[in-house]
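Colleague: One file is attached below, start-v9.csv, containing CSV, C-alpha atoms and all ligand atoms.
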chain,number,residue,atom,x,y,z
Z,1,MET,CA,41.4,-85.8,29.1
Z,2,THR,CA,38.7,-83.3,28.8
Z,3,GLU,CA,37.8,-82.2,25.3
Z,4,ARG,CA,38.5,-78.4,25.1
Z,5,LEU,CA,35.8,-76.7,23.1
Z,6,TYR,CA,37.6,-73.4,23.2
Z,7,TYR,CA,40.4,-74.9,21.1
Z,8,THR,CA,38.3,-74.8,18.0
Z,9,ASP,CA,35.7,-72.2,18.9
Z,10,PRO,CA,36.8,-69.5,21.4
Z,11,TYR,CA,33.5,-67.6,20.7
Z,12,LEU,CA,31.4,-70.5,22.1
Z,13,THR,CA,29.6,-69.3,25.3
Z,14,ASP,CA,26.9,-71.9,25.8
Z,15,PHE,CA,27.5,-75.7,25.7
Z,16,ASP,CA,26.2,-79.0,27.0
Z,17,ALA,CA,28.5,-81.7,28.4
Z,18,ARG,CA,28.2,-85.0,30.2
Z,19,LEU,CA,29.1,-85.2,33.8
Z,20,GLN,CA,32.0,-87.5,34.6
Z,21,SER,CA,32.6,-86.9,38.3
Z,22,VAL,CA,31.5,-84.8,41.3
Z,23,ALA,CA,33.9,-84.5,44.2
Z,24,GLU,CA,34.1,-82.5,47.4
Z,25,ARG,CA,37.4,-80.7,48.0
Z,26,GLU,CA,38.0,-78.4,50.9
Z,27,GLY,CA,34.3,-77.8,51.3
Z,28,ARG,CA,33.8,-77.1,47.6
Z,29,THR,CA,32.3,-79.0,44.7
Z,30,VAL,CA,34.7,-80.0,41.9
Z,31,LEU,CA,33.0,-81.0,38.6
Z,32,VAL,CA,34.7,-82.9,35.8
Z,33,LEU,CA,32.9,-83.0,32.4
Z,34,ASP,CA,33.6,-84.9,29.2
Z,35,ARG,CA,34.1,-81.6,27.4
Z,36,THR,CA,34.2,-77.9,28.3
Z,37,ALA,CA,34.3,-74.4,27.0
Z,38,PHE,CA,35.9,-73.1,30.3
Z,39,TYR,CA,39.5,-72.1,29.9
Z,40,PRO,CA,41.7,-73.3,32.9
Z,41,THR,CA,44.5,-71.0,34.2
Z,42,SER,CA,47.6,-71.7,32.1
Z,43,GLY,CA,50.3,-70.0,29.9
Z,44,GLY,CA,49.9,-66.6,31.8
Z,45,GLN,CA,46.1,-66.4,31.1
Z,46,PRO,CA,43.6,-66.6,34.0
Z,47,PHE,CA,40.7,-69.1,34.0
Z,48,ASP,CA,37.2,-68.3,32.7
Z,49,THR,CA,34.2,-67.8,35.0
Z,50,GLY,CA,30.5,-68.4,34.3
Z,51,THR,CA,28.0,-71.0,35.4
Z,52,LEU,CA,27.5,-74.8,35.3
Z,53,ALA,CA,23.9,-76.0,35.8
Z,54,GLY,CA,23.2,-72.5,37.0
Z,55,ILE,CA,25.9,-72.6,39.8
Z,56,ARG,CA,28.7,-70.1,39.7
Z,57,VAL,CA,32.1,-71.3,38.6
Z,58,LEU,CA,34.8,-69.9,40.9
Z,59,GLU,CA,37.9,-71.4,39.4
Z,60,VAL,CA,38.9,-73.7,36.6
Z,61,VAL,CA,42.1,-75.7,36.9
Z,62,GLU,CA,44.0,-78.1,34.7
Z,63,ALA,CA,45.0,-81.4,36.5
Z,64,GLU,CA,48.2,-83.1,35.6
Z,65,ASN,CA,46.5,-85.7,33.5
Z,66,GLY,CA,44.9,-83.1,31.3
Z,67,THR,CA,41.5,-83.2,33.0
Z,68,ILE,CA,39.9,-79.8,33.5
Z,69,GLU,CA,38.3,-79.3,37.0
Z,70,HIS,CA,35.5,-76.8,37.6
Z,71,VAL,CA,35.3,-75.5,41.2
Z,72,LEU,CA,31.7,-74.5,42.0
Z,73,ASP,CA,30.3,-71.9,44.5
Z,74,GLY,CA,27.9,-74.3,46.2
Z,75,ARG,CA,26.8,-77.9,46.3
Z,76,PHE,CA,26.0,-79.9,43.3
Z,77,PRO,CA,23.5,-82.7,44.1
Z,78,PRO,CA,24.7,-86.3,43.8
Z,79,ALA,CA,24.1,-87.2,40.2
Z,80,PRO,CA,24.5,-90.2,37.9
Z,81,PRO,CA,27.5,-90.0,35.5
Z,82,ALA,CA,26.5,-89.1,31.9
Z,83,LEU,CA,24.0,-86.5,33.2
Z,84,THR,CA,23.9,-83.6,30.9
Z,85,VAL,CA,25.0,-80.3,32.4
Z,86,HIS,CA,24.6,-76.9,30.7
Z,87,GLY,CA,27.5,-74.5,30.9
Z,88,ARG,CA,27.7,-70.8,30.2
Z,89,ILE,CA,30.9,-68.7,30.0
Z,90,ASP,CA,31.1,-65.1,31.3
Z,91,TRP,CA,31.6,-63.6,27.9
Z,92,ASN,CA,32.8,-60.1,29.1
Z,93,ARG,CA,35.7,-61.7,31.0
Z,94,ARG,CA,36.5,-64.2,28.3
Z,95,PHE,CA,36.5,-61.6,25.5
Z,96,ASP,CA,38.7,-59.3,27.6
Z,97,HIS,CA,41.2,-62.2,28.0
Z,98,MET,CA,41.1,-62.8,24.2
Z,99,GLN,CA,41.9,-59.2,23.5
Z,100,GLN,CA,44.8,-59.1,25.9
Z,101,HIS,CA,46.1,-62.4,24.9
Z,102,THR,CA,46.0,-61.9,21.1
Z,103,GLY,CA,47.4,-58.4,21.6
Z,104,GLN,CA,50.3,-60.0,23.4
Z,105,HIS,CA,51.0,-62.2,20.4
Z,106,VAL,CA,51.1,-59.2,18.1
Z,107,LEU,CA,53.1,-57.0,20.5
Z,108,SER,CA,55.7,-59.8,21.2
Z,109,ALA,CA,56.0,-60.4,17.4
Z,110,ALA,CA,56.6,-56.6,16.8
Z,111,PHE,CA,59.4,-56.5,19.4
Z,112,ASP,CA,60.9,-59.6,17.9
Z,113,ARG,CA,60.7,-58.5,14.3
Z,114,LEU,CA,61.8,-54.9,14.9
Z,115,HIS,CA,64.4,-55.3,17.6
Z,116,GLN,CA,65.1,-59.0,17.9
Z,117,ALA,CA,63.8,-58.7,21.5
Z,118,ARG,CA,62.5,-62.1,22.6
Z,119,THR,CA,59.6,-62.4,24.9
Z,120,MET,CA,60.7,-64.5,27.9
Z,121,SER,CA,57.4,-64.6,29.8
Z,122,PHE,CA,53.8,-63.3,29.8
Z,123,HIS,CA,51.5,-62.5,32.7
Z,124,MET,CA,47.9,-61.2,32.5
Z,125,GLY,CA,46.9,-59.3,35.7
Z,126,ARG,CA,43.5,-57.9,36.6
Z,127,GLU,CA,44.2,-54.5,35.2
Z,128,ALA,CA,47.1,-54.9,32.9
Z,129,ALA,CA,49.3,-57.5,31.3
Z,130,THR,CA,53.1,-57.7,31.1
Z,131,ILE,CA,55.7,-59.3,28.9
Z,132,ASP,CA,59.3,-59.6,29.9
Z,133,LEU,CA,61.8,-59.0,27.0
Z,134,ALA,CA,65.2,-60.5,27.1
Z,135,ILE,CA,67.0,-57.2,26.3
Z,136,ASP,CA,67.0,-53.7,27.6
Z,137,LEU,CA,65.3,-51.3,25.0
Z,138,PRO,CA,65.4,-47.5,24.8
Z,139,PRO,CA,62.1,-45.6,24.7
Z,140,ALA,CA,62.2,-45.0,21.0
Z,141,ALA,CA,62.4,-48.8,20.3
Z,142,ILE,CA,59.4,-49.3,22.6
Z,143,ALA,CA,57.4,-46.7,20.8
Z,144,SER,CA,58.2,-48.1,17.3
Z,145,ALA,CA,57.1,-51.6,18.4
Z,146,GLU,CA,53.9,-50.2,19.7
Z,147,THR,CA,53.2,-48.4,16.4
Z,148,GLU,CA,54.0,-51.5,14.4
Z,149,ALA,CA,51.7,-53.7,16.6
Z,150,ASN,CA,48.8,-51.3,16.1
Z,151,ARG,CA,49.4,-51.2,12.3
Z,152,ILE,CA,48.8,-55.0,12.4
Z,153,VAL,CA,45.7,-54.5,14.6
Z,154,TRP,CA,44.2,-52.0,12.2
Z,155,GLU,CA,45.0,-54.1,9.1
Z,156,ASP,CA,42.5,-56.5,10.6
Z,157,ARG,CA,44.5,-59.6,9.8
Z,158,PRO,CA,43.0,-63.1,10.3
Z,159,VAL,CA,44.1,-65.1,13.4
Z,160,ILE,CA,44.2,-68.7,12.3
Z,161,THR,CA,44.3,-71.7,14.6
Z,162,SER,CA,45.4,-75.1,13.3
Z,163,PHE,CA,46.7,-78.4,14.6
Z,164,VAL,CA,49.9,-79.8,13.1
Z,165,THR,CA,52.0,-82.9,13.4
Z,166,PRO,CA,55.7,-82.6,14.6
Z,167,GLU,CA,56.7,-83.1,10.9
Z,168,GLN,CA,54.5,-80.2,9.7
Z,169,ALA,CA,55.7,-78.1,12.7
Z,170,SER,CA,59.4,-78.5,11.6
Z,171,SER,CA,58.7,-76.4,8.5
Z,172,LEU,CA,57.0,-73.6,10.3
Z,173,ALA,CA,58.8,-70.4,11.3
Z,174,PHE,CA,57.8,-70.2,15.0
Z,175,ARG,CA,58.7,-67.0,16.9
Z,176,LYS,CA,59.7,-69.2,19.8
Z,177,GLU,CA,60.6,-72.9,19.4
Z,178,PRO,CA,57.7,-75.0,20.8
Z,179,VAL,CA,58.6,-77.1,23.9
Z,180,ARG,CA,55.7,-79.6,23.6
Z,181,ALA,CA,56.0,-82.9,21.8
Z,182,GLY,CA,53.3,-84.4,19.7
Z,183,THR,CA,50.4,-82.6,17.9
Z,184,LEU,CA,50.7,-78.8,18.3
Z,185,ARG,CA,48.1,-76.2,18.3
Z,186,VAL,CA,49.4,-73.4,16.2
Z,187,VAL,CA,48.1,-69.8,16.2
Z,188,GLU,CA,49.1,-67.6,13.3
Z,189,VAL,CA,48.5,-63.9,12.9
Z,190,GLU,CA,48.6,-63.9,9.2
Z,191,GLY,CA,51.9,-63.0,7.8
Z,192,PHE,CA,53.2,-61.7,11.1
Z,193,ASP,CA,53.4,-64.3,13.9
Z,194,VAL,CA,53.4,-68.0,14.3
Z,195,SER,CA,53.2,-69.4,17.8
Z,196,ALA,CA,52.4,-72.7,19.5
Z,197,CYS,CA,49.7,-71.7,22.0
Z,198,GLY,CA,46.7,-73.2,23.9
Z,199,GLY,CA,45.0,-69.9,24.7
Z,200,THR,CA,41.9,-68.2,23.5
Z,201,HIS,CA,42.3,-65.6,20.7
Z,202,VAL,CA,40.1,-63.2,18.7
Z,203,ALA,CA,39.4,-64.3,15.1
Z,204,ARG,CA,40.9,-61.1,13.5
Z,205,THR,CA,43.4,-58.6,14.8
Z,206,GLY,CA,40.9,-55.8,14.4
Z,207,ALA,CA,39.0,-57.1,17.5
Z,208,ILE,CA,42.0,-56.3,19.7
Z,209,GLY,CA,41.0,-52.7,19.1
Z,210,VAL,CA,44.2,-51.0,20.2
Z,211,ILE,CA,47.4,-52.0,22.0
Z,212,LEU,CA,48.8,-49.4,24.4
Z,213,ILE,CA,52.0,-49.6,26.3
Z,214,ALA,CA,51.3,-48.4,29.9
Z,215,GLY,CA,54.8,-48.4,31.1
Z,216,THR,CA,58.2,-50.1,31.0
Z,217,GLU,CA,60.8,-50.9,33.7
Z,218,LYS,CA,64.2,-52.7,33.8
Z,219,PHE,CA,63.7,-56.3,34.8
Z,220,ARG,CA,66.4,-59.0,35.1
Z,221,GLY,CA,68.7,-57.4,32.6
Z,222,GLY,CA,65.8,-56.9,30.2
Z,223,THR,CA,62.7,-54.9,29.9
Z,224,ARG,CA,59.3,-55.5,31.6
Z,225,VAL,CA,56.6,-54.0,29.3
Z,226,THR,CA,53.1,-53.3,30.8
Z,227,PHE,CA,50.3,-53.0,28.2
Z,228,VAL,CA,46.6,-52.8,27.9
Z,229,CYS,CA,44.4,-53.8,24.9
Z,230,GLY,CA,40.9,-53.1,23.7
Z,231,GLY,CA,38.4,-52.5,26.5
Z,232,ARG,CA,41.2,-52.1,29.1
Z,233,ALA,CA,42.8,-49.4,26.9
Z,234,MET,CA,39.5,-47.5,26.9
Z,235,ALA,CA,39.1,-47.9,30.7
Z,236,SER,CA,42.7,-46.7,31.3
Z,237,TYR,CA,42.2,-43.7,29.0
Z,238,ARG,CA,39.0,-42.8,30.9
Z,239,THR,CA,40.9,-43.0,34.2
Z,240,ALA,CA,43.7,-40.8,32.9
Z,241,ARG,CA,41.2,-38.3,31.3
Z,242,GLN,CA,39.4,-37.9,34.7
Z,243,ALA,CA,42.7,-37.3,36.5
Z,244,ILE,CA,43.9,-34.8,33.9
Z,245,ASP,CA,40.5,-33.0,33.7
Z,246,GLY,CA,40.6,-32.6,37.5
Z,247,SER,CA,44.2,-31.3,37.5
Z,248,VAL,CA,43.7,-29.0,34.6
Z,249,ARG,CA,40.7,-27.4,36.4
Z,250,LEU,CA,42.6,-26.9,39.7
Z,251,LEU,CA,45.7,-25.4,38.0
Z,252,SER,CA,43.8,-23.5,35.2
Z,253,VAL,CA,46.3,-24.6,32.5
Z,254,LEU,CA,46.1,-26.8,29.3
Z,255,PRO,CA,46.9,-30.5,29.7
Z,256,SER,CA,50.2,-30.1,28.0
Z,257,GLU,CA,51.2,-27.3,30.5
Z,258,LEU,CA,50.6,-29.6,33.6
Z,259,PRO,CA,54.2,-30.6,34.2
Z,260,SER,CA,55.5,-27.0,34.2
Z,261,ALA,CA,52.5,-25.8,36.2
Z,262,ILE,CA,53.2,-28.5,38.9
Z,263,GLU,CA,56.9,-27.5,38.9
Z,264,ARG,CA,55.9,-23.9,39.6
Z,265,VAL,CA,53.6,-24.9,42.4
Z,266,GLN,CA,56.4,-27.0,44.0
Z,267,ALA,CA,58.9,-24.1,43.7
Z,268,ASP,CA,56.4,-21.7,45.3
Z,269,MET,CA,55.8,-24.2,48.1
Z,270,LYS,CA,59.5,-24.6,48.7
Z,271,GLU,CA,59.9,-20.8,48.9
Z,272,ALA,CA,56.9,-20.5,51.2
Z,273,ARG,CA,58.3,-23.2,53.6
Z,274,ARG,CA,61.7,-21.4,53.6
Z,275,ARG,CA,60.0,-18.1,54.4
Z,276,ILE,CA,57.8,-19.6,57.2
Z,277,LYS,CA,61.0,-21.1,58.8
Z,278,GLU,CA,62.7,-17.7,58.7
Z,279,LEU,CA,59.6,-15.9,60.2
Z,280,ALA,CA,59.3,-18.6,62.9
Z,281,GLY,CA,62.9,-17.9,63.8
Z,282,ASP,CA,62.3,-14.1,64.0
Z,283,LEU,CA,59.1,-14.7,66.1
Z,284,ALA,CA,61.0,-17.0,68.5
Z,285,VAL,CA,63.6,-14.2,69.1
Z,286,HIS,CA,60.8,-11.7,70.0
Z,287,GLU,CA,59.0,-14.2,72.2
Z,288,ALA,CA,62.2,-15.0,73.9
Z,289,ALA,CA,62.7,-11.3,74.7
Z,290,ALA,CA,59.2,-11.2,76.3
Z,291,LEU,CA,59.8,-14.4,78.3
Z,292,ILE,CA,63.2,-13.4,79.6
Z,293,GLY,CA,61.5,-10.6,81.7
Z,294,ARG,CA,59.7,-13.3,83.7
Z,295,ALA,CA,62.7,-15.4,84.4
Z,296,GLY,CA,63.7,-16.5,87.8
Z,297,GLU,CA,67.4,-16.6,88.9
Z,298,THR,CA,69.6,-19.1,90.6
Z,299,GLY,CA,72.9,-17.4,91.4
Z,300,SER,CA,73.8,-15.6,88.2
Z,301,VAL,CA,71.8,-18.0,85.9
Z,302,ARG,CA,68.4,-16.9,84.5
Z,303,ILE,CA,65.9,-19.8,84.4
Z,304,VAL,CA,62.9,-19.5,82.0
Z,305,VAL,CA,60.3,-22.2,82.6
Z,306,GLU,CA,57.0,-21.9,80.7
Z,307,SER,CA,54.1,-24.0,79.4
Z,308,ILE,CA,53.2,-22.8,75.9
Z,309,ASP,CA,51.1,-23.8,72.9
Z,310,GLY,CA,53.0,-25.3,70.1
Z,311,ASP,CA,54.6,-28.3,68.4
Z,312,ALA,CA,58.1,-29.7,68.8
Z,313,THR,CA,59.5,-27.3,66.2
Z,314,ARG,CA,58.1,-24.2,67.9
Z,315,LEU,CA,59.3,-25.4,71.3
Z,316,LYS,CA,62.8,-26.0,70.0
Z,317,ASP,CA,63.0,-22.7,68.1
Z,318,LEU,CA,62.0,-20.8,71.2
Z,319,ALA,CA,64.2,-22.8,73.6
Z,320,GLY,CA,67.1,-22.2,71.1
Z,321,ALA,CA,66.4,-18.5,70.9
Z,322,LEU,CA,66.4,-18.3,74.8
Z,323,ALA,CA,69.6,-20.3,75.1
Z,324,GLY,CA,71.1,-18.0,72.5
Z,325,ARG,CA,71.4,-15.4,75.3
Z,326,PRO,CA,74.2,-15.7,77.9
Z,327,THR,CA,73.7,-17.4,81.3
Z,328,THR,CA,70.3,-18.7,80.5
Z,329,VAL,CA,68.5,-22.1,80.9
Z,330,ALA,CA,65.1,-22.6,79.2
Z,331,ALA,CA,62.6,-25.4,79.8
Z,332,LEU,CA,59.4,-25.4,77.8
Z,333,VAL,CA,56.4,-27.7,78.2
Z,334,SER,CA,53.6,-28.0,75.6
Z,335,ARG,CA,50.1,-27.4,76.9
Z,336,THR,CA,48.5,-30.1,74.9
Z,337,SER,CA,48.6,-33.7,76.3
Z,338,PRO,CA,50.7,-35.8,76.0
Z,339,HIS,CA,53.2,-33.1,76.7
Z,340,LEU,CA,56.4,-32.3,75.0
Z,341,LEU,CA,59.4,-31.0,77.0
Z,342,VAL,CA,62.4,-29.1,75.6
Z,343,VAL,CA,65.4,-28.1,77.8
Z,344,ALA,CA,68.2,-25.9,76.5
Z,345,ARG,CA,71.0,-23.8,78.0
Z,346,SER,CA,73.6,-21.3,76.8
Z,347,GLY,CA,77.1,-22.4,76.2
Z,348,ASP,CA,78.4,-20.7,79.4
Z,349,VAL,CA,76.1,-22.7,81.8
Z,350,ALA,CA,77.3,-26.0,83.3
Z,351,LEU,CA,74.1,-28.1,83.1
Z,352,GLU,CA,73.3,-31.4,81.5
Z,353,SER,CA,70.0,-30.8,79.8
Z,354,ASP,CA,69.7,-34.5,78.8
Z,355,GLU,CA,69.9,-35.5,82.5
Z,356,ILE,CA,67.0,-33.1,83.4
Z,357,VAL,CA,64.9,-34.6,80.6
Z,358,ARG,CA,65.7,-38.1,81.8
Z,359,GLU,CA,64.7,-37.2,85.3
Z,360,MET,CA,61.4,-35.8,84.0
Z,361,THR,CA,60.5,-38.8,81.9
Z,362,LYS,CA,61.2,-41.1,84.9
Z,363,ARG,CA,58.6,-39.1,86.8
Z,364,PHE,CA,56.0,-38.2,84.1
Z,365,GLY,CA,56.5,-41.0,81.6
Z,366,GLY,CA,57.3,-40.6,77.9
Z,367,ARG,CA,60.7,-40.9,76.3
Z,368,GLY,CA,63.4,-38.6,75.0
Z,369,GLY,CA,67.1,-37.7,74.8
Z,370,GLY,CA,69.5,-35.2,73.5
Z,371,ARG,CA,72.7,-33.5,74.2
Z,372,PRO,CA,73.9,-31.4,77.3
Z,373,GLU,CA,73.1,-28.2,75.4
Z,374,MET,CA,69.6,-29.2,74.3
Z,375,ALA,CA,67.4,-32.2,75.0
Z,376,GLN,CA,63.8,-33.1,74.4
Z,377,ALA,CA,61.1,-35.6,75.3
Z,378,GLY,CA,57.6,-36.4,74.3
Z,379,GLY,CA,54.6,-38.3,75.8
Z,380,LEU,CA,54.8,-36.9,79.3
Z,381,GLY,CA,51.6,-37.2,81.4
Z,382,GLY,CA,50.1,-35.0,84.1
Z,383,PRO,CA,49.2,-31.3,84.4
Z,384,PRO,CA,51.7,-29.1,82.5
Z,385,ASP,CA,52.1,-26.8,85.5
Z,386,ALA,CA,53.2,-29.8,87.6
Z,387,ILE,CA,55.8,-30.7,85.0
Z,388,ALA,CA,56.9,-27.0,84.8
Z,389,ASP,CA,57.3,-26.9,88.6
Z,390,ALA,CA,59.2,-30.1,88.7
Z,391,VAL,CA,61.6,-29.1,85.9
Z,392,ARG,CA,62.2,-25.7,87.6
Z,393,GLU,CA,63.1,-27.4,90.9
Z,394,ALA,CA,65.4,-29.9,89.1
Z,395,ILE,CA,67.3,-27.2,87.3
Z,396,ALA,CA,67.7,-25.1,90.4
Z,397,ALA,CA,68.8,-28.1,92.4
Z,398,ARG,CA,71.5,-29.0,89.9
Z,399,LEU,CA,72.7,-25.4,89.5
Z,400,SER,CA,73.1,-24.8,93.3
Z,401,ASP,CA,75.0,-28.1,93.6
Z,402,ARG,CA,77.9,-26.6,91.6
B,501,ZN,ZN,48.1,-67.4,22.5
Output the file's structure in the form of structure tokens.
Modeller:
Amino acid sequence: MTERLYYTDPYLTDFDARLQSVAEREGRTVLVLDRTAFYPTSGGQPFDTGTLAGIRVLEVVEAENGTIEHVLDGRFPPAPPALTVHGRIDWNRRFDHMQQHTGQHVLSAAFDRLHQARTMSFHMGREAATIDLAIDLPPAAIASAETEANRIVWEDRPVITSFVTPEQASSLAFRKEPVRAGTLRVVEVEGFDVSACGGTHVARTGAIGVILIAGTEKFRGGTRVTFVCGGRAMASYRTARQAIDGSVRLLSVLPSELPSAIERVQADMKEARRRIKELAGDLAVHEAAALIGRAGETGSVRIVVESIDGDATRLKDLAGALAGRPTTVAALVSRTSPHLLVVARSGDVALESDEIVREMTKRFGGRGGGRPEMAQAGGLGGPPDAIADAVREAIAARLSDR
């Protein structure tokens, strides 16, 4: 069992300890000491980082027998047991974890006291922490718990850690019944929360700074609450402020007017898109009229074959406009490579446009499909004029077969 210095003094950053063992595991050095201030990952809280004998500590894990293992970034020279090693904790990371973790105690207790909403689990991520509540709560209940939790923060209540026997524990009003047997480490937010916990906590609630709920979602029949405390709350406010400042400048409105301003922009965009579609349709009709003059004929059927600039929508609009005229077949090839091909015909022409397209993709590559009235393909290779000539011949051949 490694003696855990953070149990009694979570503010300890520098310590000396005796080396107990050095081992190599997967190319990394694993150090075990007689005592440590490094917190190992457990109870939803990530491990501490820092240095041991000046070497970076990459990870801290708790072995099953209660031993704490320090994984180092680099080799530790073979050393006699009982050698003294100096350790230093990365205080910024530790204090951040203390703020989030103690904030979680206060927030969970607020949900429990106000709404009888039990915390089922806790997880501390890199940017935010989450608690999963057993029941589904409406927004007003979430807000009142947030307000209550911050009242406790600003009252700057002591956070007291003690060790109790099972007999002493039986008289305590735990928020959640402890699962461990034997001596318990009890963390009390004075007059507000009593929990059995092995984590690191701030000494008074004021050091949490502030508790902000960043979001909620339904989760396994209950509610998942995402929150940030202290320094993380400040960082997330800064991020939000930058985003809002930028948006406010672009839209020339007050922050409170952003949602309605965005709604207006979206409506304008929708109207503009509708208008563009309408105009593209009109344009296609005019262009079709110009192209029809250059059409060749097979029997009584007009055949319009052109290579033009445009995307699939433009090609389809134009082919559709041409096929809207009687006894007409249109085949359009895009000029940019790889080429698009659209074949369309009027209702009174007996021609399988999809077969023409299939024949062209067999010859020029690419893939496509469609219906007898209109078919299209993309990814065709070769000069557009060659594709245009081939498609004209194929249409003429099929029409004269009938
Ligand atoms: Zn705790």
Colleague: Would you pick out the contacts of His101 of chain Z at 8 Å or less, using all atoms listed in the file, so that residues sharing its chain but fewer than 3 positions from it are not included, and give the list as a list in words?
Modeller: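 The filter keeps Gln45, His97, Met98, Gln104, His105, Met124, Gly199, Thr200 and His201 of chain Z.
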Colleague: Let me see the file: selected residues, C-alpha atoms, as a compact mmCIF listing (two decimals), in the coordinates of the input.
Modeller:
# COMPACT_ATOMS: atom_id res chain seq x y z
CA GLN Z 45 46.10 -66.40 31.10
CA HIS Z 97 41.20 -62.20 28.00
CA MET Z 98 41.10 -62.80 24.20
CA GLN Z 104 50.30 -60.00 23.40
CA HIS Z 105 51.00 -62.20 20.40
CA MET Z 124 47.90 -61.20 32.50
CA GLY Z 199 45.00 -69.90 24.70
CA THR Z 200 41.90 -68.20 23.50
CA HIS Z 201 42.30 -65.60 20.70
Colleague: Which residues are near Ser260 of chain Z? Cut-off 12 Å, all atoms listed in the file, ignore same chain within fewer than 6 positions. Put them as a list in words.
Modeller: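 In the requested form, the answer reads Val248, Leu251, Val253, Leu254, Gln266 and Ala267 of chain Z.
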Colleague: Just to confirm, what's the straight-line distance from atom CA of Thr130 of chain Z to atom CA of Ala117 of chain Z in Å (one decimal)?
Modeller: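 These two atoms are separated by 14.4 Å.
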Colleague: For segment 362-378 of chain Z, list every protein, DNA or RNA residue within 8 Å, evaluated using only C-alpha atoms, and leave out those in the same chain fewer than 3 positions away; present the list as a list in words.
Modeller: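 Surrounding residues, per the criterion: Pro338, His339, Leu340, Leu341, Val342, Val343, Ala344, Arg345, Ser346, Gly347, Leu351, Glu352, Ser353, Asp354, Glu355, Val357, Arg358, Glu359, Gly381, Gly382 and Ile387 of chain Z.
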Colleague: If I take atom CA of Pro166 of chain Z and atom CA of Leu184 of chain Z, how far is one from the other in Å, to one decimal?
Modeller: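 Going from atom CA of Pro166 of chain Z over to atom CA of Leu184 of chain Z covers 7.3 Å.
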Colleague: Z:Leu52, Z:Val189, Z:Ala37, Z:Val71: which is nearest ligand ZN 501 (chain B), counting all atoms listed in the file?
Modeller: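 Distance minimum relative to ligand ZN 501 (chain B) lands on Z:Val189.
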Colleague: Atom CA of Arg25 of chain Z to atom CA of Thr84 of chain Z: how many Å, to one decimal?
Modeller: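 So the two atoms, atom CA of Arg25 of chain Z and atom CA of Thr84 of chain Z, lie 22.0 Å apart.
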Colleague: Name all residues at most 10 Å from segment 268-284 of chain Z (count only C-alpha atoms; drop same-chain ones fewer than 3 positions away) and give them as an MDAnalysis selection string.
Modeller: chainID Z and resid 262:265 287:290 313:322
